[in-house]
Every structure is written in structure tokens, then in C-alpha cells.
Amino acid sequence: MAKITFGEAIRQAYEEEMARDRDVFLIGEDVGRWGSLYRSSTGLLEKFGPDQIKDTPISEAAIAGCGVGAAAMGMRPIVEIMYIDFITIAMDQIVNHAAKWRQLSNGKVKLPMVFKTQGGAGRRNSSQHSQCLENWFVYVPGLITVMPSSPYDVKGLLKSAVRDDNPVVFIEHKALYFEKGEVPEEEYLIPLGQAEVKRTGDDVTIIATSWMVSFALEAAERLQEEGISCEVIDPRTLWPLDRKTIIRSVKKTGLCMVVTEASAEGGWSGEASSVVHEHCFADLRRPVKRHCGMRTGIPYGPILERRCIPSVESIAGAAGALLREARGKG
Amino acid sequence: MRQLQQFYREMLLLRYFDQLCRALKMKDIIYSGYHPYEGQEGVAVGFCGALKPEDVLLSTHRPHCHAVAKGCSLESVLTEMMGRRTGCSGGLGGAMQFLAPENQFYCGSVVGSNLGLATGFALAMKQKKLDRICMCIFGDGASNHGTFHEGLNLAAIWKLPVVFVCENNQFAEAMPVQEFVACERISMRARGYGLEEITVDANDVEEARRAANEAIERCRRGKGPVLIEAVTYRIQGHYVGDPEGTYRDRKEVETARNKEPVKRAREKLLQGGVEAAELDSIEQEIEEELEALQEWALKQEFPTLEAAIDHVGIPLENAPEVRGPQSLTL
């Protein structure tokens, strides 16, 4: 299998979907000439032309609204918001319109569209270009929220998002674009709403999202050397949440830790923890532990920003401590 | 004269329809904030009435007369405002927000959003080479919203077929327009988008229709968007029972009553030789029609909770147990 970058996997998903269906189009700031900020649409303007690859002015509200209107007319827009931090400008169009129209029309208006953006720290961009805002979208009925963690997943999930008849908020991580992973030549889809067990283990379940999945996997590798066996679950779709996969795992391990880059307070990590407590309380040897980013604006520079979010070391340390607590308790 | 008489009939229907709605609001049969339309009928009939059935109309939080003029049935609009299942949105939207896709009518209760949405409808029309246009009506207050700038600019640079109609009723809720717009006329802002400055006295329904036809024709010929300021006057409060004395003098309203479009059309018809008795009989017919409408509407059923949630939870084959134990379920 070929190893390609996360960005290239996105590009392939675009290419396949746009060739398959001419109603699919990408609209956003610098998606054409630049091929997007992280080069995930390189060469597509030349291949598909300006009807399917639309460079826009810096107008997030209009771009998002334009996507909603076009989707209501039967097109399949992929609205790219360059940084999730800028989605604040487009929130009205997403929350008050995109998320509501299906219900308001008794299902007659379908909005087959994707709001595609990227968030998180890792590129030393400080607090207005590094946020994790996925929690907002999980909270809004009428939206699907997806966070892919690997080249394989981003391609399969993006293709499914484009084909889904509901508005999907698709949040990539800026630190992942140049990460490589195996992606098959042949076409495949990954269903929305399906978690994946990224590593099987018996002692503790680690639920991690987005960039944190690779951290959790590396932490699990280290803990294995100490004889601790971790199961790592990537929900991939934050909402609707695949509860079954999570519950099945925690019933087996009896311990659970939720790892997100977003801070814990008021966040999706609380939702995930609650699911475990509600369904696996009798199986749990210790309460669910949340290991999440600090509740702060991401500070500038490489050192401080990394100290505000979980690391491989901190995840391994926290998971190990959870296990020791459980064993100590006997 | 025959056309004016038709306009007169249409405006009078809207005038009485609005009165009926106000009465139902006072009886708490219309539940939400209700925004009366009295005095602005020249805009609904002149502009909305100029559209073809396949053209799209995006309206405001004061949408009921726009909707009727666009072709939505009185039954579907009234019962929507009354929250009954025969309403356009199945009674789930209410008096400020409903969708009637079969009539190509969309509105919402967030001021200014529709300028963004309009660009998407129009983009789809243009790219699919459909002989359709989009009309986007918003108030004077919306002209200070960010989407006014973003939407107009996007439509202008892409030459999208949108007729933007600024329905200037002189007040943004309780604030008089001269206090929140620094330029003499809102239409002067058109120049900033490379568009012509067009202002029309929309209380002259014939003038309004002429301007509408011209703008629509221009759009159909692919000449890009048009912005028209349609000047009118809001005779009633922002909502039924607003503290009117805080922002205007009763005398001002009395003066405006002499210039309102229904009165003006009637005077012109009488001057043109139409018999008063003929106009009175129109009045009689409309009163009877609305009486029957009200009687029918009051018998309509309310929607069920199943209808309310049917399109909110996103049914995904692969997402078992979508609703959580903490949320109310049926």
C-alpha cells in the first residue's frame, strides 16, 4: 500500500468525489491558486476549473451562507474555513440555518454539505489560530461532527461526508497534514458515526481524538514495555457518537481515560465520560479520567504551547497512574 | 388601471391578512413575536409579486406578506404562524421563520443572514445555467450587518443573479434609520460594490413593480446583482405592543398614513375613474375570504412531538443509540 500524507489523502478524496459528481465543489479562501493553506487541493483548479474550485474573498459568513444556499439547490458544496478560529464569523449560517433547515422544512430541504476546517495547536500560532472548537458543533442538533486522525481515515471519512445529505462539520488538525500513512489505491468509504479500535488491549481503554490519537498510540506502545496493555479508541465522528464500541471496550478493561486537546470543562470529553459512567458503572474499577488540554488561550511559541496540551509522556503517565490506582485499590 | 386594480386587490388582501394576524396575536393564537406589515404592502406586491414561481425568495423575520405575495397559500402561512401542522414548516417554525421549498420561499428570524444565503442559491442557478433568479429582501437594519457587505460583495464579484431589496421601513426595531445610517440613502452603499444606486418609493406600488421588473430582467440577462432601496414606512410597531412612544411621535405615524400604498392606490384608481362601489366590493370579498380562512385555520391540528424531532436526530445506520439517556426521548 502506498504511504501518502494526510494532505494528499484529502486531495485524492476531493479529486475522486469531484470527478464522480460535478455538483461537488470546493469553496473557500485560497483553495484554488494556493491549493489550500496546507496544499490539500493542489492542482485541482487546473483539473476541475473555477466552477468546482472557487477562491473567495475573506468573507467567512458569505462563504458559509453561499454553501448553505447552493446545497439547498441540490449542489454538494465543501465549504473550507481556513482556520476553525475563523468559523466564529460563520456561526450564524451554520448554527441558525444549516443545522435548522432540514427540520424546518419537514425533511424537504436537504443540505448535502461539508464545513471543512482545521484546528488545534502544534504550529506555534498562538491563541487565535490554534483553538479546538469542536465542542460547539457537537452541541448543535442537526450537525454531524467529524475529526479524522490519519490519512486513511481522512480520505474515507471525507468521501462519506461529501455524500451525506446532512451538514457535516469536518475538523482536521493542522499538525497532521504532513503526516504519512498507508492509503489503498482502490476506492473505499468510512461510514460516519463509526469509531475504530486503533489498538487492542486489556488493561485500560484510552479514547482519543484527532492529533491525540497518535499520541495515545505512542503512549500505549511505551506502556506496553512496562507490561500495561492499552486499548485505544478513535471515535472519528464525535457526533453522532458510536457508543457501542466504547462501551464494549470499557466493559472489557474496566478502566477508561478520555484524551482531548480541547480543555475538559464543558467539552465533548465530558460527554464521552458520561456515556461510560452511564453504561459501564458496574464494570469500572476507577472513575473515568479525563486527560485534556489546559483551559487557556494557547500561548505563543513551541515550548509553552506543547505544555498546554497532552503529550505522549503525559498520556502514558496518566494512564499508568490510573492503572496503579485501580490495582492499589485492589 | 386594470393592473393597478389587481395590485390594489393584492395589497388589500395583505393588509387585512396582517390585521387578522395581529388580532390572533393579541388572542395568543399566534404565539411568538409577531412583526406587523401594515404600510409596507407596496414592497410585497411590487417586488415579491414580480417573481416567477421558480425564482427563489429569501425573506426576513417579517415574512408573512412576502410569502403570500410569492405564492404561498394563505392557509399554509397563517397556520404556520399558528403553529399548526398544515403550516409551511409543519407548524415547527412559527411567525418569524419558515420554509416553503415548493414555493421557493425561505425566511429566518436572524437579521441579515439571508444576504449570505442568497449568494448560494444564485451561484447554483448560475452554474447550472438555470433561467432563475434569487430575490433577497432585508430591512434597513440589516444593512448594518456584516453579511450585507460580505453577501453583496460576493454577489457582485461573481455577477450572481440576485436582486437585493432593502425594505427600508425607517426603523430597526426602535431605532430610526437616520440614527444608524450615516449616508443620506442606504442605496448609496451600492457604489461600494460597483453597483448602481437605485432608490424607489415603494409606497407607489406601480413604481415598485417597474423597478422590480427592471432589476429581475437585468439579473436574467446575466448582468449580475442589483441593489434597490425600497422606501416605505412601518405603520405598526416592531412587534405588536412595542413601546412606540420611546422612539416616535404619533403625529409622524398619522402623516405616514396619508402616504401608505393601499390608500394611494385607491385614490389613484378613483381618480382614474374606477367606481368606489367596485373597490368596496373587493374589500367585501377579501373580508369574507379571510373569515373563512380563520374559521378553517382554527380547526387545524398541532404537530406531534414525533414531527418535531423527526429531522433533528440524524439517523445514521452506523450510529446506534443516537440519543443519550440524559436527553428526553419519546
# chains A, B, ... in the order shown; residues from 1 in each chain; ligands from 1
>>> interface_residues(of="chain A", to="chain B", cutoff="6 Å", atoms="only C-alpha atoms", output="PDB file with N, CA and C atoms, in the first residue's frame")
ATOM      1  N   SER A  59     -14.383  36.294   3.574  1.00  0.00           N
ATOM      2  CA  SER A  59     -15.776  36.580   3.948  1.00  0.00           C
ATOM      3  C   SER A  59     -16.420  35.290   4.456  1.00  0.00           C
ATOM      4  N   ALA A  62     -20.256  34.917   4.320  1.00  0.00           N
ATOM      5  CA  ALA A  62     -20.798  34.769   2.964  1.00  0.00           C
ATOM      6  C   ALA A  62     -20.427  33.410   2.379  1.00  0.00           C
ATOM      7  N   GLY A  65     -22.698  30.888   4.071  1.00  0.00           N
ATOM      8  CA  GLY A  65     -24.070  31.095   3.592  1.00  0.00           C
ATOM      9  C   GLY A  65     -24.213  30.653   2.157  1.00  0.00           C
ATOM     10  N   CYS A  66     -23.206  30.928   1.362  1.00  0.00           N
ATOM     11  CA  CYS A  66     -23.207  30.534  -0.047  1.00  0.00           C
ATOM     12  C   CYS A  66     -23.300  29.012  -0.146  1.00  0.00           C
ATOM     13  N   GLY A  67     -22.578  28.327   0.715  1.00  0.00           N
ATOM     14  CA  GLY A  67     -22.643  26.868   0.728  1.00  0.00           C
ATOM     15  C   GLY A  67     -24.045  26.372   1.073  1.00  0.00           C
ATOM     16  N   GLY A  69     -26.948  27.921   0.730  1.00  0.00           N
ATOM     17  CA  GLY A  69     -27.873  28.196  -0.381  1.00  0.00           C
ATOM     18  C   GLY A  69     -27.676  27.238  -1.544  1.00  0.00           C
ATOM     19  N   ALA A  70     -26.411  26.995  -1.884  1.00  0.00           N
ATOM     20  CA  ALA A  70     -26.119  26.102  -3.012  1.00  0.00           C
ATOM     21  C   ALA A  70     -26.560  24.673  -2.685  1.00  0.00           C
ATOM     22  N   GLN A 103     -35.078  20.330   9.570  1.00  0.00           N
ATOM     23  CA  GLN A 103     -36.225  20.232  10.474  1.00  0.00           C
ATOM     24  C   GLN A 103     -37.330  21.203  10.058  1.00  0.00           C
ATOM     25  N   LEU A 104     -36.932  22.446   9.760  1.00  0.00           N
ATOM     26  CA  LEU A 104     -37.917  23.478   9.428  1.00  0.00           C
ATOM     27  C   LEU A 104     -38.685  23.167   8.148  1.00  0.00           C
ATOM     28  N   SER A 105     -38.118  22.323   7.315  1.00  0.00           N
ATOM     29  CA  SER A 105     -38.806  22.007   6.061  1.00  0.00           C
ATOM     30  C   SER A 105     -39.421  20.620   6.123  1.00  0.00           C
ATOM     31  N   PRO A 141     -27.957  20.341  17.529  1.00  0.00           N
ATOM     32  CA  PRO A 141     -28.692  19.304  16.801  1.00  0.00           C
ATOM     33  C   PRO A 141     -28.748  19.649  15.321  1.00  0.00           C
ATOM     34  N   GLY A 142     -28.644  18.634  14.495  1.00  0.00           N
ATOM     35  CA  GLY A 142     -28.712  18.881  13.053  1.00  0.00           C
ATOM     36  C   GLY A 142     -27.358  18.888  12.379  1.00  0.00           C
ATOM     37  N   GLY A 193     -20.053   8.117  11.917  1.00  0.00           N
ATOM     38  CA  GLY A 193     -20.683   7.561  13.114  1.00  0.00           C
ATOM     39  C   GLY A 193     -20.111   6.226  13.541  1.00  0.00           C
ATOM     40  N   GLN A 194     -18.944   5.877  13.039  1.00  0.00           N
ATOM     41  CA  GLN A 194     -18.345   4.602  13.400  1.00  0.00           C
ATOM     42  C   GLN A 194     -16.948   4.827  13.990  1.00  0.00           C
ATOM     43  N   PRO A 240     -22.935  11.948  15.463  1.00  0.00           N
ATOM     44  CA  PRO A 240     -23.413  11.005  16.481  1.00  0.00           C
ATOM     45  C   PRO A 240     -22.278  10.084  16.946  1.00  0.00           C
ATOM     46  N   ASP A 242     -20.490   6.795  18.390  1.00  0.00           N
ATOM     47  CA  ASP A 242     -20.577   5.334  18.371  1.00  0.00           C
ATOM     48  C   ASP A 242     -20.348   4.833  19.800  1.00  0.00           C
TER      49      ASP A 242
END
>>> residues_around(residues="His64 of chain B", least_positions_apart="5", cutoff="10 Å", atoms="only C-alpha atoms", output="PyMOL selection string")
chain B and resi 14+17-18+21+34-37+44+59+69-70+72+74+77-78+80-81+95-98+107
>>> select_by_dssp(residues="segment 71-266 of chain B", states="strand (DSSP E)", output="MDAnalysis selection string")
chainID B and resid 99:100 105:106 134:139 162:168 171:172 175:176 198:201 226:231
>>> residues_around(residues="Phe138 of chain B", least_positions_apart="2", cutoff="6 Å", atoms="only C-alpha atoms", output="PyMOL selection string")
chain B and resi 60+166-167
>>> write_last_selection(atoms="N, CA, C and O atoms", output="PDB file, in the first residue's frame")
ATOM      1  N   THR B  60     -37.481  37.808   5.517  1.00  0.00           N
ATOM      2  CA  THR B  60     -36.990  38.286   6.809  1.00  0.00           C
ATOM      3  C   THR B  60     -37.769  37.676   7.983  1.00  0.00           C
ATOM      4  O   THR B  60     -38.495  36.710   7.822  1.00  0.00           O
ATOM      5  N   CYS B 166     -33.597  46.245  -0.245  1.00  0.00           N
ATOM      6  CA  CYS B 166     -33.548  46.752   1.128  1.00  0.00           C
ATOM      7  C   CYS B 166     -34.890  47.415   1.413  1.00  0.00           C
ATOM      8  O   CYS B 166     -35.187  48.493   0.893  1.00  0.00           O
ATOM      9  N   GLU B 167     -35.701  46.743   2.184  1.00  0.00           N
ATOM     10  CA  GLU B 167     -37.037  47.244   2.512  1.00  0.00           C
ATOM     11  C   GLU B 167     -36.887  48.221   3.674  1.00  0.00           C
ATOM     12  O   GLU B 167     -36.887  47.835   4.836  1.00  0.00           O
TER      13      GLU B 167
END
>>> atom_distance(atom1="atom CA of Met75 of chain A", atom2="atom CA of His97 of chain A")
16.3 Å
>>> select_by_dssp(residues="segment 84-190 of chain B", states="alpha helix (DSSP H)", output="PDB file with N, CA, C and O atoms, in the first residue's frame")
ATOM      1  N   ASN B 114     -29.725  36.356   5.423  1.00  0.00           N
ATOM      2  CA  ASN B 114     -30.116  35.898   4.082  1.00  0.00           C
ATOM      3  C   ASN B 114     -29.270  36.482   2.955  1.00  0.00           C
ATOM      4  O   ASN B 114     -29.268  35.948   1.861  1.00  0.00           O
ATOM      5  N   LEU B 115     -28.521  37.531   3.232  1.00  0.00           N
ATOM      6  CA  LEU B 115     -27.655  38.044   2.155  1.00  0.00           C
ATOM      7  C   LEU B 115     -26.530  37.062   1.841  1.00  0.00           C
ATOM      8  O   LEU B 115     -26.052  36.998   0.711  1.00  0.00           O
ATOM      9  N   GLY B 116     -26.124  36.307   2.848  1.00  0.00           N
ATOM     10  CA  GLY B 116     -25.134  35.259   2.593  1.00  0.00           C
ATOM     11  C   GLY B 116     -25.769  34.077   1.886  1.00  0.00           C
ATOM     12  O   GLY B 116     -25.239  33.571   0.891  1.00  0.00           O
ATOM     13  N   LEU B 117     -26.920  33.661   2.380  1.00  0.00           N
ATOM     14  CA  LEU B 117     -27.608  32.500   1.807  1.00  0.00           C
ATOM     15  C   LEU B 117     -27.955  32.729   0.336  1.00  0.00           C
ATOM     16  O   LEU B 117     -27.846  31.828  -0.491  1.00  0.00           O
ATOM     17  N   ALA B 118     -28.364  33.962   0.021  1.00  0.00           N
ATOM     18  CA  ALA B 118     -28.786  34.281  -1.348  1.00  0.00           C
ATOM     19  C   ALA B 118     -27.689  33.994  -2.360  1.00  0.00           C
ATOM     20  O   ALA B 118     -27.951  33.527  -3.475  1.00  0.00           O
ATOM     21  N   THR B 119     -26.445  34.252  -1.964  1.00  0.00           N
ATOM     22  CA  THR B 119     -25.347  34.050  -2.922  1.00  0.00           C
ATOM     23  C   THR B 119     -25.261  32.582  -3.333  1.00  0.00           C
ATOM     24  O   THR B 119     -24.908  32.279  -4.472  1.00  0.00           O
ATOM     25  N   GLY B 120     -25.604  31.682  -2.436  1.00  0.00           N
ATOM     26  CA  GLY B 120     -25.512  30.256  -2.749  1.00  0.00           C
ATOM     27  C   GLY B 120     -26.608  29.800  -3.707  1.00  0.00           C
ATOM     28  O   GLY B 120     -26.354  29.056  -4.652  1.00  0.00           O
ATOM     29  N   PHE B 121     -27.833  30.260  -3.441  1.00  0.00           N
ATOM     30  CA  PHE B 121     -28.923  29.926  -4.370  1.00  0.00           C
ATOM     31  C   PHE B 121     -28.567  30.430  -5.769  1.00  0.00           C
ATOM     32  O   PHE B 121     -28.721  29.731  -6.762  1.00  0.00           O
ATOM     33  N   ALA B 122     -28.079  31.665  -5.807  1.00  0.00           N
ATOM     34  CA  ALA B 122     -27.788  32.280  -7.099  1.00  0.00           C
ATOM     35  C   ALA B 122     -26.587  31.632  -7.774  1.00  0.00           C
ATOM     36  O   ALA B 122     -26.550  31.474  -8.999  1.00  0.00           O
ATOM     37  N   LEU B 123     -25.613  31.232  -6.976  1.00  0.00           N
ATOM     38  CA  LEU B 123     -24.440  30.558  -7.555  1.00  0.00           C
ATOM     39  C   LEU B 123     -24.872  29.259  -8.233  1.00  0.00           C
ATOM     40  O   LEU B 123     -24.443  28.961  -9.355  1.00  0.00           O
ATOM     41  N   ALA B 124     -25.738  28.508  -7.569  1.00  0.00           N
ATOM     42  CA  ALA B 124     -26.223  27.252  -8.156  1.00  0.00           C
ATOM     43  C   ALA B 124     -26.991  27.536  -9.447  1.00  0.00           C
ATOM     44  O   ALA B 124     -26.825  26.838 -10.444  1.00  0.00           O
ATOM     45  N   MET B 125     -27.805  28.571  -9.423  1.00  0.00           N
ATOM     46  CA  MET B 125     -28.580  28.923 -10.630  1.00  0.00           C
ATOM     47  C   MET B 125     -27.651  29.272 -11.781  1.00  0.00           C
ATOM     48  O   MET B 125     -27.858  28.868 -12.915  1.00  0.00           O
ATOM     49  N   LYS B 126     -26.629  30.023 -11.459  1.00  0.00           N
ATOM     50  CA  LYS B 126     -25.706  30.463 -12.500  1.00  0.00           C
ATOM     51  C   LYS B 126     -24.902  29.274 -13.037  1.00  0.00           C
ATOM     52  O   LYS B 126     -24.770  29.107 -14.250  1.00  0.00           O
ATOM     53  N   GLN B 127     -24.377  28.455 -12.126  1.00  0.00           N
ATOM     54  CA  GLN B 127     -23.527  27.349 -12.580  1.00  0.00           C
ATOM     55  C   GLN B 127     -24.305  26.276 -13.328  1.00  0.00           C
ATOM     56  O   GLN B 127     -23.799  25.675 -14.241  1.00  0.00           O
ATOM     57  N   GLY B 146     -22.835  42.530   9.087  1.00  0.00           N
ATOM     58  CA  GLY B 146     -21.651  42.122   8.314  1.00  0.00           C
ATOM     59  C   GLY B 146     -21.983  41.387   7.034  1.00  0.00           C
ATOM     60  O   GLY B 146     -21.313  41.560   6.014  1.00  0.00           O
ATOM     61  N   THR B 147     -23.043  40.563   7.074  1.00  0.00           N
ATOM     62  CA  THR B 147     -23.388  39.797   5.874  1.00  0.00           C
ATOM     63  C   THR B 147     -23.875  40.697   4.733  1.00  0.00           C
ATOM     64  O   THR B 147     -23.832  40.286   3.576  1.00  0.00           O
ATOM     65  N   PHE B 148     -24.344  41.893   5.045  1.00  0.00           N
ATOM     66  CA  PHE B 148     -24.732  42.837   3.986  1.00  0.00           C
ATOM     67  C   PHE B 148     -23.511  43.086   3.104  1.00  0.00           C
ATOM     68  O   PHE B 148     -23.557  42.959   1.881  1.00  0.00           O
ATOM     69  N   HIS B 149     -22.419  43.387   3.732  1.00  0.00           N
ATOM     70  CA  HIS B 149     -21.185  43.648   2.994  1.00  0.00           C
ATOM     71  C   HIS B 149     -20.651  42.380   2.332  1.00  0.00           C
ATOM     72  O   HIS B 149     -20.348  42.367   1.135  1.00  0.00           O
ATOM     73  N   GLU B 150     -20.559  41.322   3.104  1.00  0.00           N
ATOM     74  CA  GLU B 150     -19.985  40.083   2.559  1.00  0.00           C
ATOM     75  C   GLU B 150     -20.815  39.531   1.406  1.00  0.00           C
ATOM     76  O   GLU B 150     -20.281  39.110   0.377  1.00  0.00           O
ATOM     77  N   GLY B 151     -22.138  39.527   1.586  1.00  0.00           N
ATOM     78  CA  GLY B 151     -23.018  38.955   0.572  1.00  0.00           C
ATOM     79  C   GLY B 151     -23.057  39.797  -0.694  1.00  0.00           C
ATOM     80  O   GLY B 151     -22.958  39.277  -1.805  1.00  0.00           O
ATOM     81  N   LEU B 152     -23.184  41.102  -0.534  1.00  0.00           N
ATOM     82  CA  LEU B 152     -23.229  41.981  -1.710  1.00  0.00           C
ATOM     83  C   LEU B 152     -21.927  41.914  -2.484  1.00  0.00           C
ATOM     84  O   LEU B 152     -21.912  41.856  -3.714  1.00  0.00           O
ATOM     85  N   ASN B 153     -20.838  41.900  -1.753  1.00  0.00           N
ATOM     86  CA  ASN B 153     -19.547  41.858  -2.435  1.00  0.00           C
ATOM     87  C   ASN B 153     -19.379  40.557  -3.213  1.00  0.00           C
ATOM     88  O   ASN B 153     -18.963  40.560  -4.375  1.00  0.00           O
ATOM     89  N   LEU B 154     -19.710  39.442  -2.571  1.00  0.00           N
ATOM     90  CA  LEU B 154     -19.558  38.148  -3.247  1.00  0.00           C
ATOM     91  C   LEU B 154     -20.445  38.081  -4.487  1.00  0.00           C
ATOM     92  O   LEU B 154     -20.010  37.668  -5.567  1.00  0.00           O
ATOM     93  N   ALA B 155     -21.683  38.529  -4.343  1.00  0.00           N
ATOM     94  CA  ALA B 155     -22.606  38.511  -5.484  1.00  0.00           C
ATOM     95  C   ALA B 155     -22.096  39.407  -6.608  1.00  0.00           C
ATOM     96  O   ALA B 155     -22.215  39.073  -7.788  1.00  0.00           O
ATOM     97  N   ALA B 156     -21.506  40.538  -6.228  1.00  0.00           N
ATOM     98  CA  ALA B 156     -21.047  41.491  -7.236  1.00  0.00           C
ATOM     99  C   ALA B 156     -19.813  40.970  -7.976  1.00  0.00           C
ATOM    100  O   ALA B 156     -19.743  41.035  -9.205  1.00  0.00           O
ATOM    101  N   ILE B 157     -18.848  40.410  -7.253  1.00  0.00           N
ATOM    102  CA  ILE B 157     -17.623  39.961  -7.950  1.00  0.00           C
ATOM    103  C   ILE B 157     -17.907  38.743  -8.828  1.00  0.00           C
ATOM    104  O   ILE B 157     -17.260  38.558  -9.848  1.00  0.00           O
ATOM    105  N   VAL B 177     -33.885  55.154  11.288  1.00  0.00           N
ATOM    106  CA  VAL B 177     -32.806  54.892  10.321  1.00  0.00           C
ATOM    107  C   VAL B 177     -31.761  56.002  10.277  1.00  0.00           C
ATOM    108  O   VAL B 177     -30.564  55.740  10.154  1.00  0.00           O
ATOM    109  N   GLN B 178     -32.196  57.240  10.438  1.00  0.00           N
ATOM    110  CA  GLN B 178     -31.217  58.333  10.348  1.00  0.00           C
ATOM    111  C   GLN B 178     -30.191  58.295  11.487  1.00  0.00           C
ATOM    112  O   GLN B 178     -29.137  58.903  11.404  1.00  0.00           O
ATOM    113  N   GLU B 179     -30.518  57.553  12.529  1.00  0.00           N
ATOM    114  CA  GLU B 179     -29.565  57.438  13.646  1.00  0.00           C
ATOM    115  C   GLU B 179     -28.528  56.351  13.429  1.00  0.00           C
ATOM    116  O   GLU B 179     -27.497  56.329  14.096  1.00  0.00           O
ATOM    117  N   PHE B 180     -28.827  55.394  12.523  1.00  0.00           N
ATOM    118  CA  PHE B 180     -27.854  54.309  12.368  1.00  0.00           C
ATOM    119  C   PHE B 180     -27.277  54.171  10.969  1.00  0.00           C
ATOM    120  O   PHE B 180     -26.502  53.270  10.703  1.00  0.00           O
TER     121      PHE B 180
END
>>> decode(residues="segment 72-91 of chain A", atoms="N, CA and C atoms", output="PDB file, in the first residue's frame")
ATOM      1  N   ALA A  72     -29.000  23.849  -0.706  1.00  0.00           N
ATOM      2  CA  ALA A  72     -30.463  23.808  -0.777  1.00  0.00           C
ATOM      3  C   ALA A  72     -30.927  23.662  -2.223  1.00  0.00           C
ATOM      4  N   MET A  73     -30.091  24.095  -3.161  1.00  0.00           N
ATOM      5  CA  MET A  73     -30.401  23.972  -4.591  1.00  0.00           C
ATOM      6  C   MET A  73     -29.909  22.638  -5.155  1.00  0.00           C
ATOM      7  N   GLY A  74     -29.431  21.760  -4.292  1.00  0.00           N
ATOM      8  CA  GLY A  74     -29.056  20.423  -4.759  1.00  0.00           C
ATOM      9  C   GLY A  74     -27.587  20.213  -5.054  1.00  0.00           C
ATOM     10  N   MET A  75     -26.765  21.254  -4.850  1.00  0.00           N
ATOM     11  CA  MET A  75     -25.336  21.055  -5.080  1.00  0.00           C
ATOM     12  C   MET A  75     -24.703  20.462  -3.826  1.00  0.00           C
ATOM     13  N   ARG A  76     -23.435  20.077  -3.919  1.00  0.00           N
ATOM     14  CA  ARG A  76     -22.749  19.463  -2.779  1.00  0.00           C
ATOM     15  C   ARG A  76     -21.484  20.243  -2.444  1.00  0.00           C
ATOM     16  N   PRO A  77     -21.676  21.376  -1.808  1.00  0.00           N
ATOM     17  CA  PRO A  77     -20.512  22.228  -1.527  1.00  0.00           C
ATOM     18  C   PRO A  77     -19.656  21.702  -0.379  1.00  0.00           C
ATOM     19  N   ILE A  78     -18.356  21.901  -0.540  1.00  0.00           N
ATOM     20  CA  ILE A  78     -17.425  21.717   0.566  1.00  0.00           C
ATOM     21  C   ILE A  78     -16.928  23.119   0.889  1.00  0.00           C
ATOM     22  N   VAL A  79     -17.370  23.620   2.036  1.00  0.00           N
ATOM     23  CA  VAL A  79     -17.021  24.985   2.430  1.00  0.00           C
ATOM     24  C   VAL A  79     -15.766  24.913   3.280  1.00  0.00           C
ATOM     25  N   GLU A  80     -14.692  25.500   2.800  1.00  0.00           N
ATOM     26  CA  GLU A  80     -13.476  25.445   3.602  1.00  0.00           C
ATOM     27  C   GLU A  80     -13.310  26.738   4.400  1.00  0.00           C
ATOM     28  N   ILE A  81     -13.251  26.575   5.707  1.00  0.00           N
ATOM     29  CA  ILE A  81     -12.929  27.699   6.588  1.00  0.00           C
ATOM     30  C   ILE A  81     -11.478  27.478   6.986  1.00  0.00           C
ATOM     31  N   MET A  82     -10.618  28.388   6.596  1.00  0.00           N
ATOM     32  CA  MET A  82      -9.170  28.161   6.652  1.00  0.00           C
ATOM     33  C   MET A  82      -8.667  27.748   8.046  1.00  0.00           C
ATOM     34  N   TYR A  83      -9.130  28.438   9.060  1.00  0.00           N
ATOM     35  CA  TYR A  83      -8.823  28.071  10.446  1.00  0.00           C
ATOM     36  C   TYR A  83     -10.142  27.996  11.205  1.00  0.00           C
ATOM     37  N   ILE A  84     -10.262  27.033  12.086  1.00  0.00           N
ATOM     38  CA  ILE A  84     -11.527  26.917  12.826  1.00  0.00           C
ATOM     39  C   ILE A  84     -11.778  28.177  13.650  1.00  0.00           C
ATOM     40  N   ASP A  85     -10.716  28.873  13.995  1.00  0.00           N
ATOM     41  CA  ASP A  85     -10.854  30.128  14.738  1.00  0.00           C
ATOM     42  C   ASP A  85     -11.705  31.137  13.953  1.00  0.00           C
ATOM     43  N   PHE A  86     -11.677  31.035  12.627  1.00  0.00           N
ATOM     44  CA  PHE A  86     -12.431  31.987  11.784  1.00  0.00           C
ATOM     45  C   PHE A  86     -13.886  31.552  11.604  1.00  0.00           C
ATOM     46  N   ILE A  87     -14.201  30.352  12.064  1.00  0.00           N
ATOM     47  CA  ILE A  87     -15.573  29.857  11.896  1.00  0.00           C
ATOM     48  C   ILE A  87     -16.536  30.655  12.774  1.00  0.00           C
ATOM     49  N   THR A  88     -15.961  31.373  13.743  1.00  0.00           N
ATOM     50  CA  THR A  88     -16.783  32.259  14.576  1.00  0.00           C
ATOM     51  C   THR A  88     -17.589  33.221  13.699  1.00  0.00           C
ATOM     52  N   ILE A  89     -16.974  33.673  12.610  1.00  0.00           N
ATOM     53  CA  ILE A  89     -17.635  34.630  11.712  1.00  0.00           C
ATOM     54  C   ILE A  89     -18.800  33.963  10.969  1.00  0.00           C
ATOM     55  N   ALA A  90     -18.720  32.653  10.809  1.00  0.00           N
ATOM     56  CA  ALA A  90     -19.716  31.931  10.005  1.00  0.00           C
ATOM     57  C   ALA A  90     -20.744  31.198  10.867  1.00  0.00           C
ATOM     58  N   MET A  91     -20.668  31.360  12.173  1.00  0.00           N
ATOM     59  CA  MET A  91     -21.503  30.545  13.058  1.00  0.00           C
ATOM     60  C   MET A  91     -23.003  30.711  12.807  1.00  0.00           C
TER      61      MET A  91
END
